[in-house]
Amino acid sequence: MIHRRACNLCESICGLVIETENNTIIHIAGDPDDPLSRGYICPKAYALKDIYEDPNRLKTPLKKTAEGWKSISWEEALSEVAERLGSIQRQYGPHAVGIYQGNPSVHNLGTILNAVGVVKALRSHNTFSATSADQLPHHFAAWTMFGHPLLLPVPDISRTHFMLILGGNPLASNGSMMTAPGVGKHLKNIQQRSGRVVVVDPRRTETAEHANEHIFIQPATDVYLLLAMLQVLFEKKWVNINKKRPEIPLSVSGLDELERVVAGFTPEKVAGITHIPAAKIIEITAEIVAAPSAVVYGRMGVSVQRYGSLCQWLINCLNILTGNFDTVGGAMFTKPAVDVLMGAKPRNIFGRWKSRVRGLPEFMGELPVSALAEEISTEGEGQIRALVTSCGNPVLSTPNGGQLEKALEQLDFMVSVDIYLNETTRHAHIILPPATGLETAHYDLTFHLLAIRNTAKYSPPLFQKSENARYDYEIFQELTHRLTQSAEDFSPVLPESQVDMGLRYGPYAISLEQLKAQPEGLDFGELQPCLPDRLVHTDKVIRLVSEAYLKDLENVRVVLHETNSPATPPPAYPFALIGRRSLRDNNSWMHNSEKLMKGRNRCTILLHPDDARTLGVEQHQMVGVHSRTGHIQIEAEISDEMMPGVVSIPHGYGHHRPGTRLSIAEQHPGVSVNDLTDELEIDGLTGNAAFSNVRVRVTTE
Ligand SMILES: Nc1nc2c(c(=O)[nH]1)N[C@H]1C(S)=C(S)[C@@H](COP(=O)(O)OP(=O)(O)OC[C@H]3O[C@@H](n4cnc5c(=O)[nH]c(N)nc54)[C@H](O)[C@@H]3O)O[C@H]1N2
Ligand SMILES: Nc1nc2c(c(=O)[nH]1)N[C@H]1C(S)=C(S)[C@@H](COP(=O)(O)OP(=O)(O)OC[C@H]3O[C@@H](n4cnc5c(=O)[nH]c(N)nc54)[C@H](O)[C@@H]3O)O[C@H]1N2
Ligand code: SF4
Ligand SMILES: [Mo]
């Protein structure tokens with residue numbers, strides 16, 4: 001049998017053609033007819049089979065007992081979870097239950113639609129997610145500038161003539177906040193139409209290797225580069241917001257103020273801090289201005305740093321001021337078939353409450369995950385005593401995971417909705433495993449919103465879930481029902497019916513039946529200009545400047561005038577640590593696939609040959625890496641792809657922890673970089689984790 005579906009493992013949502021025989025997968029290939037991915041897939045697609053067949057994957061609820069883990073019925077599990085959470089909230093108040101939602105939440109239809117029911121039922125201020133270890137600054141900029149956190153501009157990569165990539169490595173990550181399957185081909189096409197791709201990164205990445213130019217930057221100094229580029233635009237009188245849209249001009253507020261605040265950041269002043277010569281900064285700015293169309297795109301590397309929110313704000317400003325906003329080849333907006341922005345109204349979603357211990361601000365109903373461990377371990381009123389995790393592995397994925405690991409042991413109760421018994425869920429008292437991947441229907445509510453082309457695709461389940469398993473929507477809906485103690489009988493709402501409704505009321509007014517009739521997906525064409533209509537601000541004016549940015553900018557200005565700049569390392573921790581991704585990893589959770597794990601050890605520390613020489617480190621030698629929060633032993637890989645003074649370690653490893661059930665992963669445990677990262681290193685404006693530029697020392701012991 002031949003099945004068509006979308007891969008739900010990462011943001012690319014590639015179309016797949018899966019061949020089965022007697023209920024076994026015999027082949028997985030890219031679908032050339034998928035209107036978005038056009039046949040592209042990556043090696044992880046094959047691992048969908050491994051996940052489906054993985055004997056370690058959990059199918060029934062588990063309960064921790066004195067004799068070890070015991071399988072229990074869904075009835076027993078759900079009633080115990082609801083009872084324990086309810087009684088802790090009755091005794092200590094609603095905020096005593098914390099919630100953490102991880103990355104696959106947005107890749108699973110049933111979860112994205114229904115986990116929110118549990119969150120609402122719990123009414124806890126202690127709600128956390130992987131967003132604050134990732135893309136929070138994008139949402140913050142979208143909310144302040146355009147009126148809604150999900151009104152996110154996407155680079156029109158298939159039509160642009162110049163692309164400046166800061167802190168993104170789409171050739172390894174397959175693109176992020178930009179659903180662009182086959183991104184390598186798109187980058188090549190830019191070059192073939194005589195355009196240019198320039199990458200700014202402290203490492204010469206896979207993407208940098210394929211770009212026209214790579215510029216090294218000192219980690220966490222992008223804010224200075226971006227400010228200087230804006231300063232150049234104003235000084236040279238290159239600002240031209242509506243140059244390509246005389247008919248429907250954009251209205252902006254705060255232009256004069258922006259000119260005033262960037263004025264001191266000349267290329268000459270920031271060159272020392274960023275390690276980018278002034279002439280180069282002027283040259284790239286001039287290229288953006290001269291190109292028929294251009295787009296600046298910044299991702300993980302610039303979001304997860306001290307000034308991550310300023311960076312994402314300034315990137316939007318650059319696209320707007322150069323006339324590359326909501327225009328072909330610039331930064332554009334999507335019009336997805338299920339449009340979550342329909343009827344959206346502006347509202348305050350920032351700082352409505354603060355974290356108890358450190359006073360970090362709420363955003364979009366969530367607190368920064370860097371505060372999670374201290375909220376569990378610091379005694380007092382409002383302390384977290386029970387935790388719900390869903391689709392998350394915060395022990396390996398959040399800053400100072402070692403501290404969190406200890407904090408989890410203090411909880412009175414923990415429940416994890418997860419498909420594995422892993423580094424995080426081993427601390428739970430009950431694990432609720434949903435059916436996943438090929439056993440579920442999929443419609444991507446999130447990534448059509450971020451795609452470089454307007455398309456829609458429905459994926460029917462390929463396999464039946466196992467007999468006693470439950471779907472994620474059933475688990476969340478039933479838990480919500482029990483937590484709210486609703487008197488009505490429970491009857492599940494199918495995610496498909498919610499999608500059908502969304503499609504019918506959406507901009508293309510189609511039904512799910514119509515979409516199902518086109519299994520390779522429906523194509524609604526290239527992105528179209530849609531401003532100012534689509535702005536959520538009621539006055540339809542883009543806010544170039546907000547108070548919050550101006551305040552944080554003062555801190556940037558202070559450093560510019562100090563000798564203790566990010567370019568002057570503290571002697572105890574002379575190296576700047578950054579992350580990296582490999583095509584065959586997916587954060588922390590796919591290391592149980594033999595296919596993805598074979599080959600050389602990928603969990604290594606990359607360091608420059610000059611640094612290796614100074615330290616006396618040989619290729620493949622084990623070295624110690626130390627930070628304020630912890631230390632690890634890791635294999636050294638010496639390479640001039642690193643900037644001197646900067647080292648890189650991937651995240652998502654550290655599978656040696658006892659008591660997990662991950663047989664392949666345990667053979668290739670690696671170490672967790674988040675045993676080195678620091679919960680105190682955050683974006684000062686939002687509290688987003690700052691994984692980039694963690695200060696470390698490397699030793700040969
Ligand atoms: N140092 C450093 N740390 C980082 C990053 C970095 O670059 N450097 N990146 C950050 C980023 S961008 C992110 S998004 C986070 C990710 O952080 P997390 O979301 O916390 O971690 P994941 O590794 O994605 O873990 C996914 C979990 O979901 C489970 N899972 C998989 N599929 C399903 C499913 O269908 N249903 C359910 N219920 N569970 C499922 C897996 O078993 C696993 O436990 O990590 C962040 N951490
Ligand atoms: N294969 C694979 N694909 C994935 C994932 C995965 O784990 N593996 N994870 C998925 C997830 S959850 C996400 S969020 C996306 C992330 O997608 P990307 O943002 O493309 O991911 P990264 O590879 O982490 O790229 C970050 C880049 O920033 C650079 N960098 C670090 N610090 C700085 C800095 O201070 N300044 C600048 N300019 N650059 C810096 C790093 O060297 C790195 O090249 O990938 C997704 N896709
Ligand atoms: S790029 Fe992402 S969506 Fe495409 S096949 Fe690979 S993991 Fe799946
Ligand atoms: Mo992410």
# chains A, B, ... in the order shown; residues from 1 in each chain; ligands from 1
>>> residues_near_ligand(ligand="ligand 1", cutoff="7 Å", atoms="only C-alpha atoms and all ligand atoms", output="ChimeraX atom specification")
/A:101-105,108,130-131,133-134,300,390-394,397-399,417-420,422,424,433-437,472,579-580,586-589,650-652,673-674,677,691
>>> residues_around(residues="Thr538 in chain A", least_positions_apart="3", cutoff="8 Å", atoms="only C-alpha atoms", output="PyMOL selection string")
chain A and resi 345-346+535+541
>>> write_last_selection(atoms="all heavy atoms", output="mmCIF file, in the first residue's frame")
data_model
loop_
_atom_site.group_PDB
_atom_site.id
_atom_site.type_symbol
_atom_site.label_atom_id
_atom_site.label_comp_id
_atom_site.auth_asym_id
_atom_site.auth_seq_id
_atom_site.Cartn_x
_atom_site.Cartn_y
_atom_site.Cartn_z
ATOM 1 N N LYS A 345 -7.547 39.967 18.510
ATOM 2 C CA LYS A 345 -7.630 41.342 19.024
ATOM 3 C C LYS A 345 -6.354 41.644 19.813
ATOM 4 O O LYS A 345 -5.810 40.760 20.459
ATOM 5 C CB LYS A 345 -8.823 41.473 19.977
ATOM 6 C CG LYS A 345 -10.164 41.186 19.347
ATOM 7 C CD LYS A 345 -11.007 42.430 19.351
ATOM 8 C CE LYS A 345 -12.297 42.361 18.561
ATOM 9 N NZ LYS A 345 -12.687 41.140 17.931
ATOM 10 N N PRO A 346 -5.899 42.903 19.793
ATOM 11 C CA PRO A 346 -4.712 43.215 20.591
ATOM 12 C C PRO A 346 -5.020 43.125 22.085
ATOM 13 O O PRO A 346 -6.101 43.516 22.512
ATOM 14 C CB PRO A 346 -4.384 44.654 20.203
ATOM 15 C CG PRO A 346 -5.594 45.198 19.536
ATOM 16 C CD PRO A 346 -6.457 44.067 19.101
ATOM 17 N N LEU A 535 -2.403 43.502 10.112
ATOM 18 C CA LEU A 535 -1.906 43.939 11.430
ATOM 19 C C LEU A 535 -3.016 43.801 12.457
ATOM 20 O O LEU A 535 -4.184 44.064 12.162
ATOM 21 C CB LEU A 535 -1.449 45.405 11.364
ATOM 22 C CG LEU A 535 -0.202 45.686 10.521
ATOM 23 C CD1 LEU A 535 0.019 47.197 10.414
ATOM 24 C CD2 LEU A 535 1.031 45.012 11.116
ATOM 25 N N VAL A 541 -1.041 50.535 12.477
ATOM 26 C CA VAL A 541 0.274 51.191 12.430
ATOM 27 C C VAL A 541 1.313 50.244 13.043
ATOM 28 O O VAL A 541 1.080 49.668 14.103
ATOM 29 C CB VAL A 541 0.246 52.524 13.229
ATOM 30 C CG1 VAL A 541 1.645 53.140 13.323
ATOM 31 C CG2 VAL A 541 -0.717 53.510 12.573
#
>>> select_by_dssp(residues="range 124-357 of chain A", states="strand (DSSP E)", output="ChimeraX atom specification")
/A:127-129,154-155,162-166,196-200,213-215,252-253,295-298,331-332,350-354
>>> residues_near_ligand(ligand="ligand 2", cutoff="6 Å", atoms="only C-alpha atoms and all ligand atoms", output="JSON list (two decimals) with C-alpha atoms, in the first residue's frame")
[["chain", "number", "residue", "atom", "x", "y", "z"],
["A", 10, "CYS", "CA", 10.45, 19.09, 12.53],
["A", 134, "ASP", "CA", 13.91, 29.15, 21.98],
["A", 166, "LEU", "CA", 22.25, 35.44, 11.59],
["A", 167, "GLY", "CA", 22.38, 32.61, 14.11],
["A", 168, "GLY", "CA", 20.59, 30.04, 11.99],
["A", 169, "ASN", "CA", 21.92, 26.90, 10.39],
["A", 170, "PRO", "CA", 19.06, 25.73, 8.19],
["A", 172, "ALA", "CA", 21.39, 21.24, 9.64],
["A", 173, "SER", "CA", 18.12, 22.28, 11.26],
["A", 174, "ASN", "CA", 16.02, 22.32, 8.07],
["A", 175, "GLY", "CA", 14.94, 25.83, 8.92],
["A", 176, "SER", "CA", 13.08, 27.26, 11.83],
["A", 200, "VAL", "CA", 26.92, 35.68, 10.26],
["A", 201, "ASP", "CA", 27.88, 33.00, 12.77],
["A", 202, "PRO", "CA", 30.71, 32.27, 15.26],
["A", 203, "ARG", "CA", 31.08, 28.93, 13.49],
["A", 205, "THR", "CA", 28.47, 26.08, 9.62],
["A", 219, "PRO", "CA", 28.94, 35.37, 20.30],
["A", 220, "ALA", "CA", 26.10, 37.44, 21.76],
["A", 222, "ASP", "CA", 24.69, 40.63, 17.23],
["A", 299, "ARG", "CA", 17.12, 32.41, 14.40],
["A", 300, "MET", "CA", 18.19, 30.38, 17.49],
["A", 301, "GLY", "CA", 21.67, 31.83, 17.75],
["A", 302, "VAL", "CA", 20.36, 35.37, 18.01],
["A", 578, "ILE", "CA", 27.67, 28.06, 21.79],
["A", 579, "GLY", "CA", 25.42, 25.21, 20.60],
["A", 580, "ARG", "CA", 25.05, 23.27, 17.38],
["A", 581, "ARG", "CA", 22.65, 20.91, 15.67],
["A", 582, "SER", "CA", 23.29, 17.94, 13.46],
["A", 583, "LEU", "CA", 20.96, 16.79, 10.70],
["A", 584, "ARG", "CA", 20.54, 13.40, 12.40],
["A", 585, "ASP", "CA", 19.52, 14.73, 15.82],
["A", 586, "ASN", "CA", 16.19, 16.12, 16.92],
["A", 587, "ASN", "CA", 16.76, 17.83, 20.24],
["A", 692, "SER", "CA", 24.82, 31.44, 23.53]]
>>> residues_near_ligand(ligand="ligand 3", cutoff="6 Å", atoms="only C-alpha atoms and all ligand atoms", output="list in words")
Cys7, Asn8, Leu9, Cys10, Glu11, Ser12, Ile13, Cys14, Ile41, Cys42, Lys44, Ala45 and Asn174 of chain A
>>> write_last_selection(atoms="N, CA, C and O atoms", output="mmCIF file, in the first residue's frame")
data_model
loop_
_atom_site.group_PDB
_atom_site.id
_atom_site.type_symbol
_atom_site.label_atom_id
_atom_site.label_comp_id
_atom_site.auth_asym_id
_atom_site.auth_seq_id
_atom_site.Cartn_x
_atom_site.Cartn_y
_atom_site.Cartn_z
ATOM 1 N N CYS A 7 5.630 14.584 7.318
ATOM 2 C CA CYS A 7 6.481 14.240 8.455
ATOM 3 C C CYS A 7 6.239 15.286 9.541
ATOM 4 O O CYS A 7 6.262 16.482 9.259
ATOM 5 N N ASN A 8 6.022 14.835 10.768
ATOM 6 C CA ASN A 8 5.735 15.801 11.845
ATOM 7 C C ASN A 8 6.918 15.962 12.798
ATOM 8 O O ASN A 8 6.765 16.442 13.912
ATOM 9 N N LEU A 9 8.117 15.562 12.349
ATOM 10 C CA LEU A 9 9.251 15.590 13.286
ATOM 11 C C LEU A 9 9.857 16.976 13.447
ATOM 12 O O LEU A 9 10.352 17.321 14.503
ATOM 13 N N CYS A 10 9.881 17.752 12.368
ATOM 14 C CA CYS A 10 10.447 19.092 12.534
ATOM 15 C C CYS A 10 9.596 20.096 11.778
ATOM 16 O O CYS A 10 8.530 19.776 11.269
ATOM 17 N N GLU A 11 10.073 21.325 11.709
ATOM 18 C CA GLU A 11 9.238 22.411 11.189
ATOM 19 C C GLU A 11 9.011 22.340 9.682
ATOM 20 O O GLU A 11 8.178 23.054 9.141
ATOM 21 N N SER A 12 9.774 21.475 8.991
ATOM 22 C CA SER A 12 9.690 21.454 7.528
ATOM 23 C C SER A 12 8.435 20.785 6.968
ATOM 24 O O SER A 12 8.096 20.983 5.800
ATOM 25 N N ILE A 13 7.780 19.970 7.785
ATOM 26 C CA ILE A 13 6.572 19.231 7.373
ATOM 27 C C ILE A 13 6.660 18.648 5.954
ATOM 28 O O ILE A 13 5.759 18.823 5.123
ATOM 29 N N CYS A 14 7.748 17.924 5.679
ATOM 30 C CA CYS A 14 7.962 17.347 4.347
ATOM 31 C C CYS A 14 6.893 16.315 3.997
ATOM 32 O O CYS A 14 6.500 15.501 4.839
ATOM 33 N N ILE A 41 13.312 15.226 1.562
ATOM 34 C CA ILE A 41 13.241 14.702 2.931
ATOM 35 C C ILE A 41 14.659 14.660 3.510
ATOM 36 O O ILE A 41 15.632 14.743 2.769
ATOM 37 N N CYS A 42 14.747 14.489 4.812
ATOM 38 C CA CYS A 42 16.056 14.342 5.455
ATOM 39 C C CYS A 42 16.144 12.951 6.081
ATOM 40 O O CYS A 42 15.136 12.242 6.136
ATOM 41 N N LYS A 44 16.009 11.893 8.941
ATOM 42 C CA LYS A 44 15.147 11.606 10.094
ATOM 43 C C LYS A 44 13.800 11.002 9.678
ATOM 44 O O LYS A 44 13.160 10.322 10.470
ATOM 45 N N ALA A 45 13.391 11.247 8.439
ATOM 46 C CA ALA A 45 12.108 10.696 7.988
ATOM 47 C C ALA A 45 12.083 9.179 8.160
ATOM 48 O O ALA A 45 11.069 8.602 8.566
ATOM 49 N N ASN A 174 17.107 22.280 9.049
ATOM 50 C CA ASN A 174 16.019 22.317 8.074
ATOM 51 C C ASN A 174 15.134 23.542 8.216
ATOM 52 O O ASN A 174 13.989 23.555 7.754
#
>>> residues_around(residues="Asn126 in chain A", least_positions_apart="3", cutoff="10 Å", atoms="only C-alpha atoms", output="ChimeraX atom specification")
/A:94-100,119,122-123,353-356,362,365-369,371-372,375-376,382-384,387
>>> write_last_selection(atoms="C-alpha atoms", output="PDB file, in the first residue's frame")
ATOM      1  CA  PRO A  94      -3.515  26.680  42.093  1.00  0.00           C
ATOM      2  CA  HIS A  95       0.105  27.750  41.539  1.00  0.00           C
ATOM      3  CA  ALA A  96       1.436  24.752  43.477  1.00  0.00           C
ATOM      4  CA  VAL A  97       1.074  22.730  40.282  1.00  0.00           C
ATOM      5  CA  GLY A  98       3.575  23.598  37.559  1.00  0.00           C
ATOM      6  CA  ILE A  99       3.327  22.645  33.891  1.00  0.00           C
ATOM      7  CA  TYR A 100       6.078  22.272  31.295  1.00  0.00           C
ATOM      8  CA  VAL A 119      -3.481  24.277  31.377  1.00  0.00           C
ATOM      9  CA  LEU A 122      -5.111  24.092  36.420  1.00  0.00           C
ATOM     10  CA  ARG A 123      -5.165  27.945  36.440  1.00  0.00           C
ATOM     11  CA  TRP A 353       2.446  38.225  36.783  1.00  0.00           C
ATOM     12  CA  LYS A 354       6.021  37.506  37.749  1.00  0.00           C
ATOM     13  CA  SER A 355       7.918  34.446  38.889  1.00  0.00           C
ATOM     14  CA  ARG A 356       7.931  34.183  42.660  1.00  0.00           C
ATOM     15  CA  GLU A 362       5.070  36.237  32.306  1.00  0.00           C
ATOM     16  CA  GLY A 365       0.585  33.062  29.896  1.00  0.00           C
ATOM     17  CA  GLU A 366       3.961  31.463  30.595  1.00  0.00           C
ATOM     18  CA  LEU A 367       6.973  32.120  32.801  1.00  0.00           C
ATOM     19  CA  PRO A 368      10.566  31.679  31.566  1.00  0.00           C
ATOM     20  CA  VAL A 369      11.678  28.072  32.003  1.00  0.00           C
ATOM     21  CA  ALA A 371      12.960  29.891  36.639  1.00  0.00           C
ATOM     22  CA  LEU A 372      11.438  26.390  36.856  1.00  0.00           C
ATOM     23  CA  GLU A 375      10.321  27.652  41.804  1.00  0.00           C
ATOM     24  CA  ILE A 376      10.330  23.982  42.845  1.00  0.00           C
ATOM     25  CA  GLY A 382       3.446  29.515  45.999  1.00  0.00           C
ATOM     26  CA  GLN A 383       6.182  26.855  45.765  1.00  0.00           C
ATOM     27  CA  ILE A 384       5.658  24.290  42.997  1.00  0.00           C
ATOM     28  CA  LEU A 387       4.598  19.105  38.010  1.00  0.00           C
TER      29      LEU A 387
END
>>> residues_around(residues="Pro519 in chain A", least_positions_apart="6", cutoff="10 Å", atoms="only C-alpha atoms", output="short mmCIF file (atom, residue, chain, number, x, y, z; two decimals) with all heavy atoms, in the first residue's frame")
data_model
loop_
_atom_site.label_atom_id
_atom_site.label_comp_id
_atom_site.auth_asym_id
_atom_site.auth_seq_id
_atom_site.Cartn_x
_atom_site.Cartn_y
_atom_site.Cartn_z
N HIS A 3 1.01 5.23 1.07
CA HIS A 3 0.38 6.26 1.90
C HIS A 3 1.13 7.57 1.70
O HIS A 3 2.33 7.59 1.58
CB HIS A 3 0.48 5.90 3.39
CG HIS A 3 0.04 4.52 3.70
ND1 HIS A 3 -1.20 4.25 4.24
CD2 HIS A 3 0.66 3.34 3.55
CE1 HIS A 3 -1.31 2.94 4.40
NE2 HIS A 3 -0.20 2.37 3.99
N ARG A 4 0.36 8.63 1.73
CA ARG A 4 1.00 9.95 1.66
C ARG A 4 0.73 10.65 2.98
O ARG A 4 -0.39 10.59 3.50
CB ARG A 4 0.36 10.77 0.54
CG ARG A 4 0.66 10.27 -0.84
CD ARG A 4 0.14 11.29 -1.83
NE ARG A 4 1.18 11.63 -2.77
CZ ARG A 4 1.22 11.12 -4.00
NH1 ARG A 4 0.31 10.25 -4.40
NH2 ARG A 4 2.18 11.47 -4.82
N ARG A 5 1.74 11.28 3.52
CA ARG A 5 1.52 12.09 4.71
C ARG A 5 2.65 13.10 4.88
O ARG A 5 3.61 13.09 4.11
CB ARG A 5 1.32 11.25 5.97
CG ARG A 5 2.47 10.38 6.40
CD ARG A 5 2.09 9.58 7.64
NE ARG A 5 2.09 10.37 8.86
CZ ARG A 5 1.04 10.46 9.70
NH1 ARG A 5 -0.09 9.83 9.45
NH2 ARG A 5 1.13 11.17 10.81
N ALA A 6 2.48 13.95 5.89
CA ALA A 6 3.53 14.93 6.19
C ALA A 6 4.33 14.41 7.37
O ALA A 6 3.78 13.85 8.30
CB ALA A 6 2.91 16.27 6.53
N GLY A 15 6.51 16.32 2.74
CA GLY A 15 5.59 15.31 2.25
C GLY A 15 6.30 13.98 2.07
O GLY A 15 7.40 13.94 1.53
N ASP A 33 5.11 15.32 -5.31
CA ASP A 33 3.89 16.09 -5.58
C ASP A 33 3.48 16.99 -4.42
O ASP A 33 2.49 17.71 -4.53
CB ASP A 33 2.74 15.14 -5.92
CG ASP A 33 3.06 14.34 -7.18
OD1 ASP A 33 3.69 14.92 -8.09
OD2 ASP A 33 2.69 13.16 -7.24
N ASP A 34 4.18 16.90 -3.31
CA ASP A 34 3.83 17.79 -2.20
C ASP A 34 4.14 19.23 -2.62
O ASP A 34 5.28 19.53 -3.00
CB ASP A 34 4.64 17.41 -0.95
CG ASP A 34 4.26 18.28 0.24
OD1 ASP A 34 4.59 19.49 0.24
OD2 ASP A 34 3.64 17.75 1.18
N ALA A 456 -1.77 23.43 2.21
CA ALA A 456 -2.45 22.73 3.30
C ALA A 456 -2.38 21.24 3.02
O ALA A 456 -2.39 20.83 1.85
CB ALA A 456 -3.91 23.17 3.38
N LYS A 457 -2.26 20.46 4.08
CA LYS A 457 -2.14 19.02 3.87
C LYS A 457 -2.72 18.29 5.08
O LYS A 457 -2.46 18.66 6.22
CB LYS A 457 -0.67 18.66 3.71
CG LYS A 457 -0.42 17.18 3.46
CD LYS A 457 0.98 17.00 2.94
CE LYS A 457 1.27 15.56 2.65
NZ LYS A 457 2.09 15.43 1.45
N TYR A 458 -3.47 17.25 4.80
CA TYR A 458 -4.00 16.40 5.86
C TYR A 458 -3.36 15.03 5.77
O TYR A 458 -3.22 14.47 4.68
CB TYR A 458 -5.53 16.28 5.73
CG TYR A 458 -6.09 15.25 6.69
CD1 TYR A 458 -6.25 15.57 8.03
CD2 TYR A 458 -6.42 13.98 6.25
CE1 TYR A 458 -6.74 14.62 8.92
CE2 TYR A 458 -6.91 13.03 7.14
CZ TYR A 458 -7.07 13.36 8.48
OH TYR A 458 -7.54 12.42 9.34
N SER A 459 -2.94 14.49 6.90
CA SER A 459 -2.34 13.15 6.93
C SER A 459 -3.22 12.22 7.76
O SER A 459 -3.36 12.42 8.97
CB SER A 459 -0.96 13.20 7.59
OG SER A 459 -0.16 14.17 6.98
N PRO A 460 -3.79 11.21 7.11
CA PRO A 460 -4.56 10.23 7.90
C PRO A 460 -3.60 9.32 8.66
O PRO A 460 -2.44 9.19 8.27
CB PRO A 460 -5.32 9.45 6.83
CG PRO A 460 -4.54 9.62 5.59
CD PRO A 460 -3.76 10.89 5.69
#
>>> closest_residue(among="A:Asn693, A:Gly30, A:Ser129, A:Glu80", to="ligand 4", atoms="only C-alpha atoms and all ligand atoms")
A:Ser129
>>> closest_residue(among="A:Ala142, A:Val304, A:Ile276, A:Tyr46", to="ligand 4", atoms="only C-alpha atoms and all ligand atoms")
A:Val304
>>> residues_around(residues="range 144-156 of chain A", least_positions_apart="4", cutoff="7 Å", atoms="only C-alpha atoms", output="list in words")
His139, Phe140, Thr160, Met178, Val295, Tyr297, Val328, Gly329, Gly330, Ala331, Met332, Phe333, Pro346, Leu450, Ile452, Leu535, Val536, His537, Ile542, Arg543, Leu544 and Ser546 of chain A
>>> select_by_dssp(residues="range 235-369 of chain A", states="helix (DSSP H, G or I)", output="short mmCIF file (atom, residue, chain, number, x, y, z; two decimals) with C-alpha atoms, in the first residue's frame")
data_model
loop_
_atom_site.label_atom_id
_atom_site.label_comp_id
_atom_site.auth_asym_id
_atom_site.auth_seq_id
_atom_site.Cartn_x
_atom_site.Cartn_y
_atom_site.Cartn_z
CA GLU A 235 23.17 58.25 8.44
CA LEU A 255 10.85 56.34 13.26
CA ASP A 256 12.47 59.51 14.67
CA GLU A 257 12.93 57.90 18.04
CA LEU A 258 14.58 54.89 16.42
CA GLU A 259 16.97 57.19 14.58
CA ARG A 260 17.81 58.90 17.85
CA VAL A 261 18.49 55.71 19.81
CA VAL A 262 20.70 54.03 17.22
CA PRO A 267 30.18 50.69 12.72
CA GLU A 268 33.52 51.93 14.01
CA LYS A 269 32.34 51.77 17.63
CA VAL A 270 30.94 48.23 17.39
CA ALA A 271 33.72 46.72 15.28
CA GLY A 272 35.85 45.82 18.32
CA ILE A 273 33.00 44.16 20.21
CA THR A 274 31.58 42.20 17.28
CA ALA A 278 33.34 48.68 10.17
CA ALA A 279 33.74 48.62 6.39
CA LYS A 280 32.15 45.15 6.27
CA ILE A 281 29.14 46.34 8.29
CA ILE A 282 28.61 49.24 5.87
CA GLU A 283 29.10 46.93 2.90
CA ILE A 284 26.41 44.41 3.92
CA THR A 285 23.99 47.21 4.74
CA ALA A 286 24.62 48.73 1.33
CA GLU A 287 24.04 45.35 -0.31
CA ILE A 288 20.64 45.01 1.34
CA VAL A 289 19.70 48.48 0.14
CA ALA A 290 20.91 47.88 -3.41
CA MET A 300 18.19 30.38 17.49
CA GLY A 301 21.67 31.83 17.75
CA VAL A 302 20.36 35.37 18.01
CA SER A 303 17.23 34.54 20.05
CA GLY A 308 17.76 38.15 22.09
CA SER A 309 14.61 40.27 22.12
CA LEU A 310 16.46 43.38 20.98
CA CYS A 311 17.95 41.31 18.13
CA GLN A 312 14.62 40.06 16.81
CA TRP A 313 13.15 43.56 17.09
CA LEU A 314 16.08 45.12 15.21
CA ILE A 315 15.90 42.45 12.49
CA ASN A 316 12.26 43.39 11.83
CA CYS A 317 13.29 47.06 11.82
CA LEU A 318 15.98 46.38 9.21
CA ASN A 319 13.52 44.62 6.92
CA ILE A 320 10.95 47.39 7.35
CA LEU A 321 13.31 50.33 6.92
CA VAL A 369 11.68 28.07 32.00
#
>>> residues_around(residues="Ile88 in chain A", least_positions_apart="4", cutoff="9 Å", atoms="only C-alpha atoms", output="short mmCIF file (atom, residue, chain, number, x, y, z; two decimals) with N, CA and C atoms, in the first residue's frame")
data_model
loop_
_atom_site.label_atom_id
_atom_site.label_comp_id
_atom_site.auth_asym_id
_atom_site.auth_seq_id
_atom_site.Cartn_x
_atom_site.Cartn_y
_atom_site.Cartn_z
N GLU A 83 -6.73 13.19 40.90
CA GLU A 83 -6.91 13.26 42.35
C GLU A 83 -5.70 13.93 43.02
N ARG A 84 -4.49 13.52 42.62
CA ARG A 84 -3.28 14.08 43.25
C ARG A 84 -3.12 15.57 42.93
N TYR A 92 -2.62 23.74 48.65
CA TYR A 92 -1.60 24.80 48.53
C TYR A 92 -1.95 25.91 47.53
N GLY A 93 -3.07 25.81 46.88
CA GLY A 93 -3.45 26.83 45.90
C GLY A 93 -3.08 26.42 44.48
N PRO A 94 -3.67 27.11 43.49
CA PRO A 94 -3.52 26.68 42.09
C PRO A 94 -2.07 26.68 41.59
N ALA A 96 0.59 25.84 42.96
CA ALA A 96 1.44 24.75 43.48
C ALA A 96 1.65 23.65 42.44
N VAL A 97 0.85 23.69 41.38
CA VAL A 97 1.07 22.73 40.28
C VAL A 97 1.72 23.47 39.12
N ARG A 385 4.78 22.22 43.93
CA ARG A 385 4.87 20.93 44.63
C ARG A 385 4.52 19.76 43.74
N ALA A 386 3.89 20.06 42.61
CA ALA A 386 3.58 18.99 41.65
C ALA A 386 3.85 19.54 40.26
N ASP A 412 6.24 16.56 45.32
CA ASP A 412 5.32 15.61 45.94
C ASP A 412 4.72 14.69 44.87
N PHE A 413 4.55 15.25 43.66
CA PHE A 413 3.93 14.45 42.60
C PHE A 413 4.35 14.98 41.24
#
